[in-house]
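For reference, protein.pdb (PDB, C-alpha atoms):
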ATOM      1  CA  MET N 508      37.575   7.348 -62.100
ATOM      2  CA  LEU N 509      39.921  10.064 -60.911
ATOM      3  CA  ARG N 510      38.068  13.354 -61.066
ATOM      4  CA  THR N 511      38.405  16.939 -59.924
ATOM      5  CA  TYR N 512      36.012  18.349 -57.330
ATOM      6  CA  GLU N 513      35.861  21.789 -55.772
ATOM      7  CA  GLY N 514      34.473  22.888 -52.465
ATOM      8  CA  GLY N 515      34.755  25.401 -49.703
ATOM      9  CA  CYS N 516      33.456  26.987 -46.556
ATOM     10  CA  HIS N 517      30.125  28.854 -46.527
ATOM     11  CA  CYS N 518      31.176  32.503 -46.744
ATOM     12  CA  GLY N 519      33.397  31.818 -49.750
ATOM     13  CA  ALA N 520      36.747  32.777 -48.197
ATOM     14  CA  VAL N 521      38.145  29.241 -48.242
ATOM     15  CA  ARG N 522      38.098  27.340 -51.532
ATOM     16  CA  PHE N 523      39.846  24.109 -52.426
ATOM     17  CA  ARG N 524      40.196  21.662 -55.297
ATOM     18  CA  ILE N 525      40.848  17.939 -54.959
ATOM     19  CA  GLU N 526      41.505  15.017 -57.238
ATOM     20  CA  VAL N 527      39.887  11.801 -56.087
ATOM     21  CA  ASP N 528      38.330   8.595 -57.309
ATOM     22  CA  LEU N 529      35.173   8.365 -55.206
ATOM     23  CA  ASP N 530      34.628   4.735 -56.225
ATOM     24  CA  GLU N 531      37.970   3.814 -54.687
ATOM     25  CA  THR N 532      37.891   6.184 -51.716
ATOM     26  CA  PRO N 533      35.207   5.328 -49.175
ATOM     27  CA  ILE N 534      33.760   8.186 -47.146
ATOM     28  CA  GLY N 535      34.034   7.578 -43.416
ATOM     29  CA  GLU N 536      32.699   8.731 -40.081
ATOM     30  CA  CYS N 537      34.464   8.837 -36.734
ATOM     31  CA  ASP N 538      33.031   8.808 -33.228
ATOM     32  CA  CYS N 539      35.892  10.578 -31.425
ATOM     33  CA  SER N 540      35.174  13.602 -29.250
ATOM     34  CA  ILE N 541      35.747  16.193 -31.952
ATOM     35  CA  CYS N 542      34.399  14.402 -35.033
ATOM     36  CA  THR N 543      31.181  13.780 -33.098
ATOM     37  CA  LYS N 544      30.728  17.509 -32.568
ATOM     38  CA  LYS N 545      31.858  18.494 -36.077
ATOM     39  CA  GLY N 546      29.666  15.910 -37.788
ATOM     40  CA  ILE N 547      32.333  15.699 -40.468
ATOM     41  CA  LEU N 548      32.224  13.156 -43.319
ATOM     42  CA  HIS N 549      35.816  12.193 -44.022
ATOM     43  CA  LEU N 550      37.277  11.853 -47.465
ATOM     44  CA  PRO N 551      40.989  11.011 -47.212
ATOM     45  CA  ILE N 552      43.057  12.950 -49.747
ATOM     46  CA  ALA N 553      46.809  12.802 -50.345
ATOM     47  CA  ARG N 554      48.499  16.157 -49.801
ATOM     48  CA  ASN N 555      49.528  16.483 -53.455
ATOM     49  CA  ARG N 556      45.896  16.004 -54.508
ATOM     50  CA  LEU N 557      44.550  18.961 -52.526
ATOM     51  CA  GLN N 558      45.048  22.513 -53.655
ATOM     52  CA  ILE N 559      43.976  25.444 -51.510
ATOM     53  CA  LEU N 560      42.634  27.920 -54.063
ATOM     54  CA  SER N 561      41.983  30.714 -51.581
ATOM     55  CA  GLY N 562      41.649  31.435 -47.900
ATOM     56  CA  ALA N 563      44.732  29.810 -46.372
ATOM     57  CA  ASP N 564      45.057  32.928 -44.188
ATOM     58  CA  ASP N 565      41.374  32.780 -43.246
ATOM     59  CA  LEU N 566      41.811  29.441 -41.477
ATOM     60  CA  THR N 567      42.139  29.089 -37.722
ATOM     61  CA  THR N 568      43.838  25.939 -36.432
ATOM     62  CA  TYR N 569      42.630  24.248 -33.273
ATOM     63  CA  THR N 570      44.700  21.518 -31.631
ATOM     64  CA  PHE N 571      44.285  19.453 -28.471
ATOM     65  CA  ASN N 572      45.595  16.348 -26.700
ATOM     66  CA  THR N 573      48.607  15.113 -28.764
ATOM     67  CA  GLY N 574      48.449  18.264 -30.913
ATOM     68  CA  VAL N 575      49.081  16.176 -34.036
ATOM     69  CA  ALA N 576      45.764  16.791 -35.792
ATOM     70  CA  LYS N 577      45.328  20.280 -37.229
ATOM     71  CA  HIS N 578      41.630  21.078 -36.989
ATOM     72  CA  THR N 579      41.293  23.958 -39.401
ATOM     73  CA  PHE N 580      38.141  26.030 -39.788
ATOM     74  CA  CYS N 581      37.173  29.269 -41.500
ATOM     75  CA  ARG N 582      37.379  32.042 -38.937
ATOM     76  CA  HIS N 583      34.575  33.990 -40.646
ATOM     77  CA  CYS N 584      31.861  31.334 -40.984
ATOM     78  CA  GLY N 585      33.157  28.470 -38.806
ATOM     79  CA  MET N 586      33.009  25.762 -41.482
ATOM     80  CA  HIS N 587      35.511  22.886 -41.503
ATOM     81  CA  PRO N 588      36.214  22.168 -45.190
ATOM     82  CA  PHE N 589      39.323  20.020 -44.529
ATOM     83  CA  TYR N 590      41.866  19.263 -41.852
ATOM     84  CA  GLN N 591      44.999  17.204 -41.179
ATOM     85  CA  PRO N 592      44.030  14.161 -39.120
ATOM     86  CA  ARG N 593      45.973  12.594 -36.279
ATOM     87  CA  SER N 594      45.775   9.222 -38.036
ATOM     88  CA  ASP N 595      47.516  10.614 -41.164
ATOM     89  CA  PRO N 596      48.895  14.079 -40.415
ATOM     90  CA  GLU N 597      50.947  14.404 -43.618
ATOM     91  CA  ASN N 598      47.756  14.281 -45.649
ATOM     92  CA  TYR N 599      44.253  15.697 -45.494
ATOM     93  CA  SER N 600      40.779  14.686 -44.619
ATOM     94  CA  VAL N 601      38.321  16.647 -46.734
ATOM     95  CA  ASN N 602      34.831  17.134 -45.330
ATOM     96  CA  ALA N 603      32.568  15.702 -48.042
ATOM     97  CA  ARG N 604      29.779  17.978 -46.769
ATOM     98  CA  CYS N 605      31.792  20.946 -48.059
ATOM     99  CA  LEU N 606      32.112  19.722 -51.650
ATOM    100  CA  ASP N 607      30.091  21.792 -54.156
ATOM    101  CA  GLU N 608      28.736  18.528 -55.535
ATOM    102  CA  TYR N 609      27.994  16.969 -52.136
ATOM    103  CA  ASP N 610      25.037  14.611 -52.489
ATOM    104  CA  PRO N 611      23.707  13.176 -49.213
ATOM    105  CA  GLU N 612      22.146  10.250 -51.094
ATOM    106  CA  THR N 613      25.271   9.001 -52.831
ATOM    107  CA  MET N 614      27.973  10.319 -50.479
ATOM    108  CA  LYS N 615      27.078   8.401 -47.342
ATOM    109  CA  SER N 616      29.516   7.126 -44.762
ATOM    110  CA  GLN N 617      30.688   3.628 -45.612
ATOM    111  CA  ARG N 618      32.977   3.018 -42.677
ATOM    112  CA  LEU N 619      33.275   3.958 -39.042
ATOM    113  CA  PHE N 620      36.591   4.792 -37.414
ATOM    114  CA  GLU N 621      36.047   4.236 -33.696
ATOM    115  CA  GLY N 622      38.092   7.200 -32.637
ATOM    116  CA  SER N 623      36.500   7.092 -29.178
ATOM    117  CA  ASN N 624      39.054   4.267 -28.642
ATOM    118  CA  TRP N 625      41.655   5.845 -30.844
ATOM    119  CA  GLU N 626      44.734   3.628 -30.314
ATOM    120  CA  GLU N 627      42.697   0.461 -30.809
ATOM    121  CA  ALA N 628      40.945   1.812 -33.915
ATOM    122  CA  PHE N 629      44.235   2.976 -35.413
ATOM    123  CA  ALA N 630      45.890  -0.422 -34.828
ATOM    124  CA  ARG N 631      42.908  -2.246 -36.350
ATOM    125  CA  ARG N 632      42.910  -0.035 -39.430
ATOM    126  CA  GLY N 633      46.666  -0.611 -39.880
ATOM    127  CA  ALA N 634      46.168  -4.379 -39.678
ATOM    128  CA  GLU N 635      43.327  -4.252 -42.231
ATOM    129  CA  TRP N 636      45.445  -2.194 -44.590
ATOM    130  CA  ALA N 637      48.398  -4.614 -44.239
ATOM    131  CA  SER N 638      46.186  -7.610 -45.021
ATOM    132  CA  LYS N 639      45.037  -6.008 -48.276
ATOM    133  CA  HIS N 640      48.430  -4.894 -49.616
TER
ATOM    134  CA  MET H 699      11.300  12.375 -24.012
ATOM    135  CA  LEU H 700      12.058  15.807 -22.603
ATOM    136  CA  GLU H 701      15.287  15.776 -20.618
ATOM    137  CA  THR H 702      17.800  18.248 -19.248
ATOM    138  CA  ARG H 703      21.218  17.807 -20.830
ATOM    139  CA  GLU H 704      24.488  19.687 -20.854
ATOM    140  CA  GLY H 705      26.775  20.217 -23.775
ATOM    141  CA  GLY H 706      29.336  22.497 -25.298
ATOM    142  CA  CYS H 707      32.025  23.138 -27.836
ATOM    143  CA  HIS H 708      35.193  21.024 -27.919
ATOM    144  CA  CYS H 709      37.762  23.224 -26.178
ATOM    145  CA  GLY H 710      35.466  23.790 -23.209
ATOM    146  CA  ALA H 711      35.048  27.555 -23.613
ATOM    147  CA  VAL H 712      31.327  27.283 -24.414
ATOM    148  CA  ARG H 713      29.018  25.293 -22.136
ATOM    149  CA  PHE H 714      25.227  25.161 -21.997
ATOM    150  CA  ARG H 715      22.358  23.387 -20.290
ATOM    151  CA  ALA H 716      19.117  22.751 -22.175
ATOM    152  CA  LYS H 717      15.807  20.917 -21.997
ATOM    153  CA  VAL H 718      15.681  18.863 -25.178
ATOM    154  CA  ASP H 719      13.690  16.029 -26.719
ATOM    155  CA  LEU H 720      15.911  13.794 -28.853
ATOM    156  CA  ASP H 721      12.779  12.241 -30.404
ATOM    157  CA  ARG H 722      12.297  15.571 -32.211
ATOM    158  CA  LEU H 723      15.694  15.581 -33.871
ATOM    159  CA  SER H 724      15.662  17.407 -37.186
ATOM    160  CA  GLN H 725      17.891  17.767 -40.219
ATOM    161  CA  CYS H 726      17.946  20.528 -42.858
ATOM    162  CA  ASN H 727      19.402  20.527 -46.362
ATOM    163  CA  CYS H 728      20.037  24.262 -46.795
ATOM    164  CA  SER H 729      23.449  25.518 -47.871
ATOM    165  CA  ILE H 730      24.830  26.053 -44.391
ATOM    166  CA  CYS H 731      23.216  23.164 -42.494
ATOM    167  CA  THR H 732      24.617  20.855 -45.172
ATOM    168  CA  LYS H 733      28.167  22.058 -44.550
ATOM    169  CA  LYS H 734      27.772  22.157 -40.770
ATOM    170  CA  GLY H 735      26.208  18.706 -40.582
ATOM    171  CA  ILE H 736      24.177  20.034 -37.667
ATOM    172  CA  LEU H 737      21.336  18.025 -36.099
ATOM    173  CA  HIS H 738      18.720  20.387 -34.748
ATOM    174  CA  LEU H 739      16.779  20.438 -31.508
ATOM    175  CA  ALA H 740      14.683  23.606 -31.537
ATOM    176  CA  ILE H 741      13.778  24.836 -28.062
ATOM    177  CA  ASP H 742      12.434  27.851 -26.253
ATOM    178  CA  PRO H 743      15.042  30.294 -24.877
ATOM    179  CA  ALA H 744      13.516  29.733 -21.413
ATOM    180  CA  ASP H 745      14.734  26.120 -21.664
ATOM    181  CA  PHE H 746      18.292  27.142 -22.459
ATOM    182  CA  GLU H 747      21.043  28.457 -20.260
ATOM    183  CA  LEU H 748      24.467  29.548 -21.432
ATOM    184  CA  LEU H 749      26.722  28.405 -18.598
ATOM    185  CA  LYS H 750      29.941  29.703 -20.085
ATOM    186  CA  GLY H 751      31.361  31.236 -23.236
ATOM    187  CA  LYS H 752      29.764  34.597 -23.985
ATOM    188  CA  HIS H 753      33.100  35.991 -25.197
ATOM    189  CA  ALA H 754      34.242  32.831 -26.977
ATOM    190  CA  LEU H 755      31.267  32.911 -29.356
ATOM    191  CA  THR H 756      31.069  34.734 -32.637
ATOM    192  CA  ALA H 757      28.115  34.856 -35.038
ATOM    193  CA  TYR H 758      28.173  34.456 -38.808
ATOM    194  CA  THR H 759      25.238  35.827 -40.790
ATOM    195  CA  PHE H 760      24.306  35.919 -44.466
ATOM    196  CA  GLU H 761      21.416  36.782 -46.788
ATOM    197  CA  THR H 762      18.491  37.940 -44.603
ATOM    198  CA  GLY H 763      20.770  38.146 -41.556
ATOM    199  CA  LEU H 764      17.996  36.674 -39.407
ATOM    200  CA  ALA H 765      19.799  33.467 -38.482
ATOM    201  CA  GLN H 766      22.718  33.858 -36.088
ATOM    202  CA  HIS H 767      25.186  31.084 -36.832
ATOM    203  CA  THR H 768      27.215  31.101 -33.659
ATOM    204  CA  PHE H 769      30.426  29.152 -33.236
ATOM    205  CA  CYS H 770      33.318  29.003 -30.809
ATOM    206  CA  LYS H 771      36.162  31.203 -32.041
ATOM    207  CA  ARG H 772      38.758  28.867 -30.506
ATOM    208  CA  CYS H 773      37.683  25.422 -31.702
ATOM    209  CA  GLY H 774      35.096  26.188 -34.410
ATOM    210  CA  MET H 775      32.269  24.085 -32.964
ATOM    211  CA  HIS H 776      28.611  25.096 -33.398
ATOM    212  CA  PRO H 777      26.889  24.056 -30.159
ATOM    213  CA  PHE H 778      23.716  26.092 -30.858
ATOM    214  CA  TYR H 779      22.438  28.893 -33.068
ATOM    215  CA  ILE H 780      19.371  31.012 -33.774
ATOM    216  CA  PRO H 781      17.559  29.744 -36.878
ATOM    217  CA  ARG H 782      15.965  31.886 -39.582
ATOM    218  CA  SER H 783      12.815  29.757 -39.479
ATOM    219  CA  GLN H 784      12.332  30.335 -35.737
ATOM    220  CA  PRO H 785      14.275  33.477 -34.841
ATOM    221  CA  HIS H 786      12.743  33.642 -31.359
ATOM    222  CA  ARG H 787      13.976  30.156 -30.500
ATOM    223  CA  ILE H 788      17.299  28.340 -30.240
ATOM    224  CA  SER H 789      18.443  25.340 -32.171
ATOM    225  CA  VAL H 790      20.728  23.149 -30.095
ATOM    226  CA  ASN H 791      23.142  20.987 -32.088
ATOM    227  CA  ALA H 792      22.525  17.464 -30.772
ATOM    228  CA  ARG H 793      26.079  16.540 -31.803
ATOM    229  CA  CYS H 794      27.369  18.866 -29.097
ATOM    230  CA  LEU H 795      25.460  17.273 -26.199
ATOM    231  CA  ASP H 796      27.662  15.490 -23.655
ATOM    232  CA  GLY H 797      27.845  11.711 -24.034
ATOM    233  CA  ILE H 798      26.081  11.563 -27.388
ATOM    234  CA  ASP H 799      26.681   8.823 -29.987
ATOM    235  CA  GLY H 800      27.074  11.004 -33.097
ATOM    236  CA  PRO H 801      26.962   8.324 -35.817
ATOM    237  CA  GLY H 802      23.973   6.755 -34.022
ATOM    238  CA  LEU H 803      21.818   9.904 -34.151
ATOM    239  CA  LYS H 804      18.820   9.429 -36.438
ATOM    240  CA  PRO H 805      16.733  12.518 -37.209
ATOM    241  CA  SER H 806      12.966  11.963 -37.296
ATOM    242  CA  ARG H 807      12.163  15.315 -38.885
ATOM    243  CA  PHE H 808      13.310  17.118 -41.995
ATOM    244  CA  PHE H 809      13.287  20.757 -43.083
ATOM    245  CA  GLY H 810      13.842  21.250 -46.817
ATOM    246  CA  GLY H 811      15.773  24.477 -46.362
ATOM    247  CA  ARG H 812      17.212  24.273 -49.864
ATOM    248  CA  ASN H 813      13.793  25.582 -50.923
ATOM    249  CA  TRP H 814      13.426  27.690 -47.832
ATOM    250  CA  GLU H 815      10.158  29.589 -48.410
ATOM    251  CA  GLU H 816       8.364  26.387 -49.381
ATOM    252  CA  ALA H 817       9.741  24.463 -46.401
ATOM    253  CA  GLN H 818       8.812  27.227 -43.993
ATOM    254  CA  ALA H 819       5.234  27.458 -45.341
ATOM    255  CA  LYS H 820       4.876  23.681 -45.003
ATOM    256  CA  ARG H 821       6.208  23.674 -41.439
ATOM    257  CA  LEU H 822       3.967  26.552 -40.324
ATOM    258  CA  ALA H 823       0.890  24.860 -41.854
ATOM    259  CA  GLU H 824       1.701  21.511 -40.224
ATOM    260  CA  GLU H 825       2.228  23.044 -36.812
ATOM    261  CA  GLY H 826      -0.649  25.536 -37.131
ATOM    262  CA  LEU H 827       1.639  28.482 -36.522
ATOM    263  CA  ALA H 828       1.741  32.033 -37.837
ATOM    264  CA  ALA H 829       4.921  33.299 -39.463
ATOM    265  CA  PRO H 830       7.293  34.599 -36.781
ATOM    266  CA  ASP H 831       7.685  38.341 -36.325
ATOM    267  CA  THR H 832      11.125  39.101 -37.755
ATOM    268  CA  MET H 833      11.181  42.465 -35.978
ATOM    269  CA  GLY H 834      12.523  44.181 -39.061
ATOM    270  CA  GLY H 835      15.137  41.470 -39.517
ATOM    271  CA  ARG H 836      16.558  41.876 -36.016
ATOM    272  CA  ALA H 837      14.700  39.054 -34.246
ATOM    273  CA  GLY H 838      17.538  36.529 -34.417
ATOM    274  CA  ALA H 839      20.161  38.995 -33.226
ATOM    275  CA  LEU H 840      17.910  40.064 -30.331
ATOM    276  CA  THR H 841      17.291  36.463 -29.263
ATOM    277  CA  LEU H 842      21.019  35.769 -29.294
ATOM    278  CA  GLN H 843      21.799  38.946 -27.383
ATOM    279  CA  ALA H 844      19.285  38.028 -24.677
ATOM    280  CA  ILE H 845      20.930  34.614 -24.259
ATOM    281  CA  LEU H 846      24.395  36.126 -24.081
ATOM    282  CA  ASP H 847      23.259  38.798 -21.612
ATOM    283  CA  ARG H 848      21.837  36.162 -19.285
ATOM    284  CA  GLY H 849      25.225  34.429 -19.337
ATOM    285  CA  LEU H 850      26.971  37.742 -18.695
ATOM    286  CA  ASN H 851      28.674  37.023 -15.404
ATOM    287  CA  ARG H 852      29.967  33.611 -16.372
ATOM    288  CA  SER H 853      32.618  34.748 -18.903
TER
END
Since I need it in another form, could you write the structure as structure tokens?
Amino acid sequence: MLRTYEGGCHCGAVRFRIEVDLDETPIGECDCSICTKKGILHLPIARNRLQILSGADDLTTYTFNTGVAKHTFCRHCGMHPFYQPRSDPENYSVNARCLDEYDPETMKSQRLFEGSNWEEAFARRGAEWASKH
Amino acid sequence: MLETREGGCHCGAVRFRAKVDLDRLSQCNCSICTKKGILHLAIDPADFELLKGKHALTAYTFETGLAQHTFCKRCGMHPFYIPRSQPHRISVNARCLDGIDGPGLKPSRFFGGRNWEEAQAKRLAEEGLAAPDTMGGRAGALTLQAILDRGLNRS
């Protein structure tokens, strides 16, 4: 069921609202160099389903390598509530850990993106998607 | 098993070397550890060396101000911090160790920081420890400062 969730950083500067059906949107993990360090739990969200309620100016953007991914974090408290991933830069990946209703029991990772071999993982995910649609 | 490992943030500004035991990996469910997703390895400051990054680090504090939640200003990673529960020690984020398999990390310990006072009392009783001296609330900041000062000449 499509529902509204809110979330944010820790200090309260950055707040967001998303619309998502958690039954249809599996939470994922990635083992690339930066996701490993962030420990982020990815919830893919279309850009028109994420609304930044406050704190757009409080975000710092870090980029590296191809520069495609926009790794945003709150410059006051260092949390990473959402970012724009290299694998889908027009949209967002929300960090499930930063949802107000985050529940570690029910919101576990259900899939692994092997970003440590990024090109291979991206190609495999594309093939899986094509076979389902 | 106690081993010496290196680690750091993502952009390379912050680097450290630490003696850690991955068998003592811990997780906490307090408000900030939940958002950070940090996996804790608490160690003595004598077993930690900041190799690089004194000026790249900033510290976020809240409530009691005891904990010093340090992160790299450039890339936002949290390689280590000073915890409220042990303000004279350092908690290394296992996710920031070089060559670590993040999704494969399985914590063996748990701190119920959501009910902090209760969790702290339980931990102190289990380990037979007295409550740490908060030094009027400045203990965490002093521990962090000492670490940064030791790394003084390495930017």
Q) Which chain H residues are at most 12 Å from chain N (counting only C-alpha atoms), as JSON, numbers by chain? A) {"H": [705, 706, 707, 708, 709, 710, 725, 726, 727, 728, 729, 730, 731, 732, 733, 734, 735, 736, 737, 755, 756, 757, 758, 759, 760, 761, 766, 767, 768, 769, 770, 771, 772, 773, 774, 775, 776, 777, 778, 790, 791, 792, 793, 794, 795, 796, 797, 798, 799, 800, 801, 802, 803]}
Q: Can you work out which one of H:Ala716, H:Ile741, H:Leu764, H:Ile780 has the shortest atom-to-atom distance to H:Asp831, counting only C-alpha atoms?
A: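 Between H:Ala716, H:Ile741, H:Leu764, H:Ile780, the residue approaching H:Asp831 most closely is H:Leu764.
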Centre and size of axis-aligned box enclosing stretch 607-620 of chain N plus 6 Å each side, as JSON:
{"center_x": 29.4, "center_y": 12.4, "center_z": -46.5, "size_x": 26.4, "size_y": 30.8, "size_z": 30.1}
Q: Could you tell me how far atom CA of H:Lys820 lies from atom CA of N:Glu612, in Å and to one decimal?
A: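 Computing it gives 22.7 Å between the two atoms.
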(Q) Rounded to one decimal, what separation in Å do you get between atom CA of N:Met614 and atom CA of N:Ile552? (A)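 It comes out at 15.3 Å.
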Q: Evaluate the PyMOL selection byres ((chain H and resi 847) around 12) here and jot the selected residues down as an MDAnalysis selection string.
A: chainID H and resid 747:753 840:846 848:853
(Q) Since I can't run it myself right now, could you work out what the PyMOL selection byres ((chain N and resi 513) around 7) selects here and report it as number ranges by chain? (A) N: 511-512, 514, 523-525, 606-607
Q: Convert the output of the PyMOL selection byres ((chain N and resi 555) around 10) on the shown file into explicit residues, formatted as a PyMOL selection string.
A: chain N and resi 525-526+552-554+556-558+598-599
Q.
Could you check the closest approach to H:Phe714 for each of H:Phe746, H:Phe808, H:Trp814, H:Tyr779 and tell me which residue wins, using all atoms listed in the file?
A.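 Result for the nearest residue to H:Phe714: H:Phe746.
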(Q) For a quick check of understanding, using all atoms listed in the file, which of N:Arg510, N:Arg593, N:Lys639, N:Arg632 has the smallest distance to N:Phe620? (A)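 Under the stated criterion, the closest residue is N:Arg632.
Between atom CA of H:Ala828 and atom CA of H:Pro805 lies a distance of 24.6 Å.
With only C-alpha atoms as the basis for measurement, N:Leu529 is the residue among N:Leu566, N:Leu560, N:Leu529, N:Ala576 that approaches N:Gln617 most closely.
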